[in-house]
Structures are given as structure tokens and as C-alpha cells.
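S.K.: Just one file: protein_7.cif, with mmCIF, C-alpha atoms.
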```
data_entry
loop_
_atom_site.group_PDB
_atom_site.id
_atom_site.type_symbol
_atom_site.label_atom_id
_atom_site.label_comp_id
_atom_site.auth_asym_id
_atom_site.auth_seq_id
_atom_site.Cartn_x
_atom_site.Cartn_y
_atom_site.Cartn_z
ATOM 1 C CA MET I 1 11.674 61.804 -42.458
ATOM 2 C CA ARG I 2 8.691 61.291 -44.686
ATOM 3 C CA PHE I 3 10.501 58.402 -46.344
ATOM 4 C CA LEU I 4 11.210 56.850 -42.943
ATOM 5 C CA ARG I 5 7.522 56.982 -41.969
ATOM 6 C CA CYS I 6 6.423 55.466 -45.293
ATOM 7 C CA GLY I 7 9.049 52.733 -45.052
ATOM 8 C CA LEU I 8 8.036 51.904 -41.489
ATOM 9 C CA PHE I 9 4.371 51.814 -42.510
ATOM 10 C CA ALA I 10 5.172 49.540 -45.467
ATOM 11 C CA LEU I 11 7.192 47.188 -43.245
ATOM 12 C CA CYS I 12 4.344 46.888 -40.701
ATOM 13 C CA ALA I 13 1.783 46.335 -43.437
ATOM 14 C CA SER I 14 3.868 43.579 -45.041
ATOM 15 C CA ILE I 15 4.276 41.783 -41.682
ATOM 16 C CA LEU I 16 0.535 41.963 -41.014
ATOM 17 C CA LEU I 17 -0.331 40.681 -44.467
ATOM 18 C CA THR I 18 2.210 37.858 -44.633
ATOM 19 C CA GLY I 19 2.111 36.731 -40.999
ATOM 20 C CA CYS I 20 4.926 36.073 -38.600
ATOM 21 C CA PRO I 21 8.181 35.008 -40.226
ATOM 22 C CA ASP I 22 8.620 31.957 -37.951
ATOM 23 C CA LYS I 23 5.278 30.390 -38.963
ATOM 24 C CA GLN I 24 5.230 28.109 -42.005
ATOM 25 C CA SER I 25 3.442 29.498 -45.040
ATOM 26 C CA ALA I 26 0.195 27.828 -46.113
ATOM 27 C CA THR I 27 1.463 27.990 -49.687
ATOM 28 C CA SER I 28 4.195 25.443 -49.061
ATOM 29 C CA ALA I 29 4.905 22.388 -51.141
ATOM 30 C CA ASP I 30 1.791 20.622 -49.785
ATOM 31 C CA GLY I 31 -0.497 22.822 -51.854
ATOM 32 C CA GLY I 32 -1.658 24.947 -48.939
ATOM 33 C CA ILE I 33 -3.121 22.033 -46.965
ATOM 34 C CA THR I 34 -1.947 21.891 -43.391
ATOM 35 C CA GLU I 35 -2.553 19.056 -40.909
ATOM 36 C CA ALA I 36 -4.789 19.539 -37.916
ATOM 37 C CA PRO I 37 -2.787 19.627 -34.691
ATOM 38 C CA GLN I 38 -2.532 16.297 -32.911
ATOM 39 C CA ASP I 39 -4.407 16.078 -29.609
ATOM 40 C CA ALA I 40 -1.731 15.735 -26.963
ATOM 41 C CA GLY I 41 -4.226 14.399 -24.397
ATOM 42 C CA PRO I 42 -4.002 10.826 -23.130
ATOM 43 C CA ALA I 43 -5.834 8.091 -25.005
ATOM 44 C CA VAL I 44 -9.014 6.794 -23.364
ATOM 45 C CA PRO I 45 -8.338 3.276 -22.064
ATOM 46 C CA PRO I 46 -10.522 0.419 -23.284
ATOM 47 C CA PRO I 47 -13.337 -0.921 -21.081
ATOM 48 C CA ALA I 48 -12.408 -2.972 -18.033
ATOM 49 C CA ALA I 49 -11.096 -6.468 -18.733
ATOM 50 C CA PHE I 50 -10.615 -9.191 -16.136
ATOM 51 C CA THR I 51 -8.299 -12.146 -15.607
ATOM 52 C CA ILE I 52 -8.594 -14.794 -12.903
ATOM 53 C CA ARG I 53 -5.732 -16.913 -11.598
ATOM 54 C CA TYR I 54 -5.444 -19.613 -8.959
ATOM 55 C CA GLN I 55 -2.510 -20.798 -6.868
ATOM 56 C CA LEU I 56 -0.988 -24.142 -7.766
ATOM 57 C CA ASN I 57 0.416 -26.606 -5.214
ATOM 58 C CA ASP I 58 3.965 -25.465 -6.035
ATOM 59 C CA GLY I 59 3.074 -21.835 -5.238
ATOM 60 C CA GLY I 60 2.886 -20.624 -8.849
ATOM 61 C CA MET I 61 -0.168 -18.921 -10.289
ATOM 62 C CA GLU I 62 -2.153 -20.375 -13.199
ATOM 63 C CA PRO I 63 -4.664 -18.334 -15.263
ATOM 64 C CA ILE I 64 -8.213 -19.618 -15.591
ATOM 65 C CA PRO I 65 -9.627 -19.126 -19.102
ATOM 66 C CA LEU I 66 -12.736 -16.931 -19.043
ATOM 67 C CA ALA I 67 -14.601 -19.208 -21.459
ATOM 68 C CA VAL I 68 -18.345 -18.813 -21.709
ATOM 69 C CA GLU I 69 -18.874 -21.958 -23.761
ATOM 70 C CA GLU I 70 -17.861 -24.369 -21.029
ATOM 71 C CA ARG I 71 -17.070 -24.338 -17.324
ATOM 72 C CA PRO I 72 -13.259 -24.462 -16.862
ATOM 73 C CA THR I 73 -11.739 -27.023 -14.506
ATOM 74 C CA ILE I 74 -8.971 -26.072 -12.073
ATOM 75 C CA GLU I 75 -6.858 -27.959 -9.547
ATOM 76 C CA VAL I 76 -7.600 -27.883 -5.825
ATOM 77 C CA THR I 77 -6.554 -24.482 -4.449
ATOM 78 C CA SER I 78 -7.023 -22.195 -1.491
ATOM 79 C CA MET I 79 -6.230 -18.895 -3.247
ATOM 80 C CA LEU I 80 -7.801 -17.060 -6.194
ATOM 81 C CA GLU I 81 -6.791 -13.733 -7.736
ATOM 82 C CA LEU I 82 -8.871 -11.424 -9.897
ATOM 83 C CA HIS I 83 -7.078 -8.706 -11.900
ATOM 84 C CA SER I 84 -8.847 -5.779 -13.558
ATOM 85 C CA SER I 85 -7.264 -3.753 -16.341
ATOM 86 C CA ILE I 86 -8.446 -0.463 -14.788
ATOM 87 C CA GLY I 87 -9.329 0.742 -11.302
ATOM 88 C CA LEU I 88 -12.834 0.013 -9.975
ATOM 89 C CA ARG I 89 -15.216 1.894 -7.663
ATOM 90 C CA ASN I 90 -18.179 0.612 -5.572
ATOM 91 C CA TYR I 91 -17.455 -3.060 -6.267
ATOM 92 C CA ARG I 92 -17.446 -6.277 -4.271
ATOM 93 C CA ILE I 93 -16.112 -9.720 -5.120
ATOM 94 C CA ARG I 94 -17.513 -12.884 -3.587
ATOM 95 C CA LEU I 95 -17.039 -16.601 -4.060
ATOM 96 C CA PHE I 96 -20.095 -18.883 -3.843
ATOM 97 C CA ASP I 97 -20.298 -22.661 -3.597
ATOM 98 C CA GLU I 98 -22.638 -24.748 -5.752
ATOM 99 C CA ILE I 99 -25.633 -24.144 -3.488
ATOM 100 C CA ASP I 100 -25.062 -20.357 -3.571
ATOM 101 C CA ARG I 101 -23.576 -19.976 -0.099
ATOM 102 C CA ALA I 102 -20.888 -17.314 0.237
ATOM 103 C CA MET I 103 -17.524 -18.898 1.033
ATOM 104 C CA VAL I 104 -15.643 -17.813 4.150
ATOM 105 C CA SER I 105 -12.412 -16.132 3.053
ATOM 106 C CA ASN I 106 -9.771 -13.600 3.967
ATOM 107 C CA ASP I 107 -9.763 -11.095 1.085
ATOM 108 C CA SER I 108 -7.372 -8.292 0.208
ATOM 109 C CA ALA I 109 -7.508 -5.669 -2.540
ATOM 110 C CA GLU I 110 -4.526 -3.840 -3.981
ATOM 111 C CA GLU I 111 -5.042 -0.762 -6.169
ATOM 112 C CA THR I 112 -2.276 -0.334 -8.749
ATOM 113 C CA PRO I 113 -1.857 2.072 -11.670
ATOM 114 C CA ASN I 114 -2.784 -0.862 -13.931
ATOM 115 C CA GLY I 115 -6.017 -1.770 -12.105
ATOM 116 C CA VAL I 116 -7.102 -3.780 -9.082
ATOM 117 C CA ILE I 117 -5.594 -7.042 -7.807
ATOM 118 C CA TYR I 118 -8.116 -8.793 -5.555
ATOM 119 C CA ARG I 119 -6.950 -11.871 -3.620
ATOM 120 C CA ILE I 120 -9.298 -14.413 -2.042
ATOM 121 C CA SER I 121 -7.546 -16.608 0.535
ATOM 122 C CA LEU I 122 -9.634 -19.530 1.740
ATOM 123 C CA PRO I 123 -9.054 -21.163 5.152
ATOM 124 C CA THR I 124 -9.596 -24.614 3.591
ATOM 125 C CA PRO I 125 -8.967 -25.630 -0.031
ATOM 126 C CA LEU I 126 -11.850 -25.804 -2.484
ATOM 127 C CA LYS I 127 -13.366 -29.290 -2.607
ATOM 128 C CA SER I 128 -12.622 -31.519 -5.572
ATOM 129 C CA GLY I 129 -15.524 -32.144 -7.942
ATOM 130 C CA HIS I 130 -17.496 -29.139 -6.665
ATOM 131 C CA LYS I 131 -18.647 -26.131 -8.701
ATOM 132 C CA TYR I 132 -18.021 -22.539 -7.626
ATOM 133 C CA THR I 133 -19.029 -19.080 -8.864
ATOM 134 C CA LEU I 134 -16.928 -15.926 -8.566
ATOM 135 C CA VAL I 135 -19.166 -12.835 -8.631
ATOM 136 C CA LEU I 136 -18.051 -9.236 -9.213
ATOM 137 C CA ASP I 137 -20.931 -6.814 -8.672
ATOM 138 C CA ALA I 138 -21.898 -3.487 -7.076
ATOM 139 C CA GLN I 139 -21.293 -2.999 -3.353
ATOM 140 C CA THR I 140 -24.227 -0.572 -3.144
ATOM 141 C CA GLY I 141 -26.895 0.258 -5.697
ATOM 142 C CA THR I 142 -27.266 -1.488 -9.005
ATOM 143 C CA ALA I 143 -24.004 -0.649 -10.779
ATOM 144 C CA PHE I 144 -20.307 -0.227 -10.185
ATOM 145 C CA THR I 145 -17.913 1.870 -12.254
ATOM 146 C CA ASP I 146 -14.309 2.074 -13.323
ATOM 147 C CA THR I 147 -12.109 5.006 -12.287
ATOM 148 C CA LEU I 148 -13.269 6.974 -15.341
ATOM 149 C CA GLY I 149 -16.903 6.770 -14.191
ATOM 150 C CA ARG I 150 -17.982 4.255 -16.850
ATOM 151 C CA GLU I 151 -20.417 1.547 -15.729
ATOM 152 C CA VAL I 152 -18.970 -1.963 -15.677
ATOM 153 C CA GLU I 153 -21.102 -5.020 -16.340
ATOM 154 C CA GLU I 154 -21.484 -7.580 -13.537
ATOM 155 C CA LEU I 155 -19.210 -10.608 -13.863
ATOM 156 C CA ARG I 156 -20.403 -14.103 -12.880
ATOM 157 C CA PHE I 157 -17.679 -16.654 -13.537
ATOM 158 C CA GLN I 158 -18.304 -20.369 -12.915
ATOM 159 C CA PHE I 159 -15.632 -23.016 -12.635
ATOM 160 C CA GLN I 160 -15.237 -26.547 -11.277
ATOM 161 C CA VAL I 161 -12.485 -28.141 -9.219
ATOM 162 C CA ALA I 162 -10.978 -31.261 -10.814
ATOM 163 C CA GLY I 163 -11.582 -34.689 -9.348
ATOM 164 C CA GLU I 164 -14.472 -36.696 -8.017
ATOM 165 C CA LYS I 165 -16.820 -35.367 -5.390
ATOM 166 C CA GLU I 166 -16.047 -36.693 -1.970
ATOM 167 C CA LYS I 167 -18.856 -38.795 -0.639
ATOM 168 C CA ALA I 168 -20.311 -37.472 2.565
ATOM 169 C CA ALA I 169 -19.759 -39.679 5.571
ATOM 170 C CA PRO I 170 -22.966 -41.398 6.644
ATOM 171 C CA PRO I 171 -24.469 -40.023 9.823
ATOM 172 C CA PRO I 172 -23.605 -41.987 12.951
ATOM 173 C CA PRO I 173 -26.266 -44.434 14.102
ATOM 174 C CA PRO I 174 -28.570 -43.066 16.792
ATOM 175 C CA LYS I 175 -27.553 -43.864 20.309
ATOM 176 C CA LYS I 176 -29.857 -46.125 22.253
ATOM 177 C CA LYS I 177 -31.334 -44.612 25.351
ATOM 178 C CA LYS I 178 -30.847 -46.504 28.563
ATOM 179 C CA ARG I 179 -33.976 -47.393 30.435
ATOM 180 C CA ARG I 180 -34.118 -46.617 34.088
#
```
Would it be possible to restate this file's structure as C-alpha cells?
M.R.:
Amino acid sequence: MRFLRCGLFALCASILLTGCPDKQSATSADGGITEAPQDAGPAVPPPAAFTIRYQLNDGGMEPIPLAVEERPTIEVTSMLELHSSIGLRNYRIRLFDEIDRAMVSNDSAEETPNGVIYRISLPTPLKSGHKYTLVLDAQTGTAFTDTLGREVEELRFQFQVAGEKEKAAPPPPPKKKKRR
């Protein structure tokens, strides 16, 4: 019986000192260096990125390059689309003409797992030769954020519609008043 107690004690002591048998020993072939466990959490997405497209006459969509060096030129259109790479909160998107008047439009926003798709449908096509500015800014306050709570910088994108400016029709001549 004494032998049984000593054997049981020795077995427990060896397990405590060597660790569990299913764990890999730190004295393996790698010289005792073990790798840190990989974080299984999702990767943090990059900051919000934007793309803008416009509808062509044949119904297809054409991207507008977001070039800061020069103002891009597009064809006459009555629909613009802005895509964000991540969801947005507290934002508004407006289209201004060259004298900073907000354009009348029928807008729709679609939230997807890949970001926001914002469509601007204009009742009349943009005028050839004119300059326009698409503005993405905060609906309220001074800043808007992405779905992760990170502040997103305001976007002011200028472009021009191809072609010559239409000349305004001269005003009609004043009507002569009849004398009585």
C-alpha cells in the first residue's frame, strides 16, 4: 500500500512538473522558442475611399477619375453615383452648379456590407460646358464618421461637362405700352 501511495505521488508530481501530455514541449526542435498566438479578430479596414461614376447615354456607368491635378471632363448625364468603401454615419451629399447653387435632384442611398451607394438622379441633364461640384460633408455638426466611428474628411469633387456652354437666349424686347 505504501508503494501504491508513493507511486501515485510520483505520477502526480511528474505530470505537474512536465505539463499536460497533449501540449507541445517548449524544448522542441525550435530551440524552445514558441510563436505568439495569432489574433483571430477581424482586420481593421482601411480608411474610407470613394469612387464616383456617371451614367452614359447607352445606360452604362463610367467612373470619373478623382484627380486633384485637373478637373475631369464627363459627358452630359442626368445620374451620378458615389460609392464608399465603408459605411458612413451623419453624412450628406449634394451637387452644386458653378455659382454654388444646390441642384434639384431625387437622391437615394443604399447601405451595403461593402459601403454606401448614393445615387443622384437629376430631372434635367447637366449642361454642357458647365462646372459642377459634388460635396460630401457632415449632415449635422462639423464631422461625419464611418461605421467604425473614425472621422472622415470632407470631400469636394469638381468636374466639368464636355462641350461648349450654351449661350443664353437674349431677353425679349420690351413690349410697347399702348396709349389711351
S.K.: Using all atoms listed in the file, can you tell me which of I:Ala102, I:Leu95, I:Ile120, I:Ala138 comes closest to Glu81 of chain I?
M.R.: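 Closest to Glu81 of chain I, using all atoms listed in the file: I:Ile120.
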S.K.: Using all atoms listed in the file, what residues lie at most 12 Å away from (-23.9, 0.0, -7.5) (file coordinates), given as a PyMOL selection string?
M.R.: chain I and resi 88-92+136-146+149-154
S.K.: Using the chain letters and numbers from the file, give me the residues hit by the PyMOL selection byres ((chain I and resi 44) around 12), as a list in words.
M.R.: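 Applied to this file, the PyMOL selection byres ((chain I and resi 44) around 12) selects Gly41, Pro42, Ala43, Pro45, Pro46, Pro47, Ala48, Ile86, Thr147, Leu148 and Arg150 of chain I.
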S.K.: When distances are computed from only C-alpha atoms, which of I:Thr124, I:Ser108, I:Ser78, I:Asn114 shows the smallest separation from Asn57 of chain I?
M.R.: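 Ranked by minimum distance to Asn57 of chain I, first place goes to I:Ser78.
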S.K.: Under the rule that only C-alpha atoms are counted, which of I:His130, I:Arg156, I:Arg53, I:Lys178 is the nearest residue to Arg94 of chain I?
M.R.: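 Ranked by minimum distance to Arg94 of chain I, first place goes to I:Arg156.
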S.K.: Exactly which residues make up the result of the PyMOL selection byres ((chain I and resi 62) around 10) on this file, given as a VMD selection string?
M.R.: chain I and resid 52 to 56 59 to 61 63 to 65 74 to 75 80 to 81
S.K.: What is the distance between atom CA of Thr77 of chain I and atom CA of Thr51 of chain I, in Å to one decimal?
M.R.: 16.7 Å
S.K.: Distance cut-off 8 Å, centre (-9.8, -30.2, -11.9) in file coordinates, counting only C-alpha atoms: which residues qualify? Return them as number ranges by chain.
M.R.: I: 73-76, 128-129, 160-163
S.K.: For this structure, which residues satisfy the selection - the PyMOL selection byres ((chain I and resi 107) around 7) - when it is evaluated on the file as given? I want them as a PyMOL selection string.
M.R.: chain I and resi 105-106+108-109+119-121
S.K.: Please report the interatomic distance between atom CA of Ile99 of chain I and atom CA of Thr133 of chain I in Å with one decimal.
M.R.: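 Separation of atom CA of Ile99 of chain I and atom CA of Thr133 of chain I: 9.9 Å.
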S.K.: Where's the centre, and what are the edge lengths in Å to one decimal, of a box along x, y and z enclosing all listed atoms of segment 108-115 of chain I padded 5 Å per side, as AutoDock Vina command-line options?
M.R.:
```
--center_x -4.7 --center_y -3.1 --center_z -6.9 --size_x 15.7 --size_y 20.4 --size_z 24.1
```
S.K.: What is the atom CA of Ala169 of chain I to atom CA of Pro72 of chain I distance in Å?
M.R.: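 Going from atom CA of Ala169 of chain I over to atom CA of Pro72 of chain I, I get 27.9 Å.
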S.K.: Calculated over all atoms listed in the file, which of the candidates I:Glu70, I:Leu134, I:Lys167, I:Asp97 has the smallest distance to Leu155 of chain I?
M.R.: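 Checking each candidate against Leu155 of chain I, we get I:Leu134 as the closest.
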S.K.: Could you give me, as a list in words, the residues within 8 Å of His83 of chain I, counting all atoms listed in the file and dropping anything in the same chain fewer than 6 positions from it?
M.R.: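 Listing them by chain and then by number gives Phe50, Thr51, Ile52, Gly115, Val116, Ile117 and Tyr118 of chain I.
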S.K.: I need the residue nearest Pro113 of chain I from this list: I:Ser85, I:Glu69, I:Lys127, I:Lys175. Use only C-alpha atoms for the distance.
M.R.: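 Under the stated criterion, the closest residue is I:Ser85.
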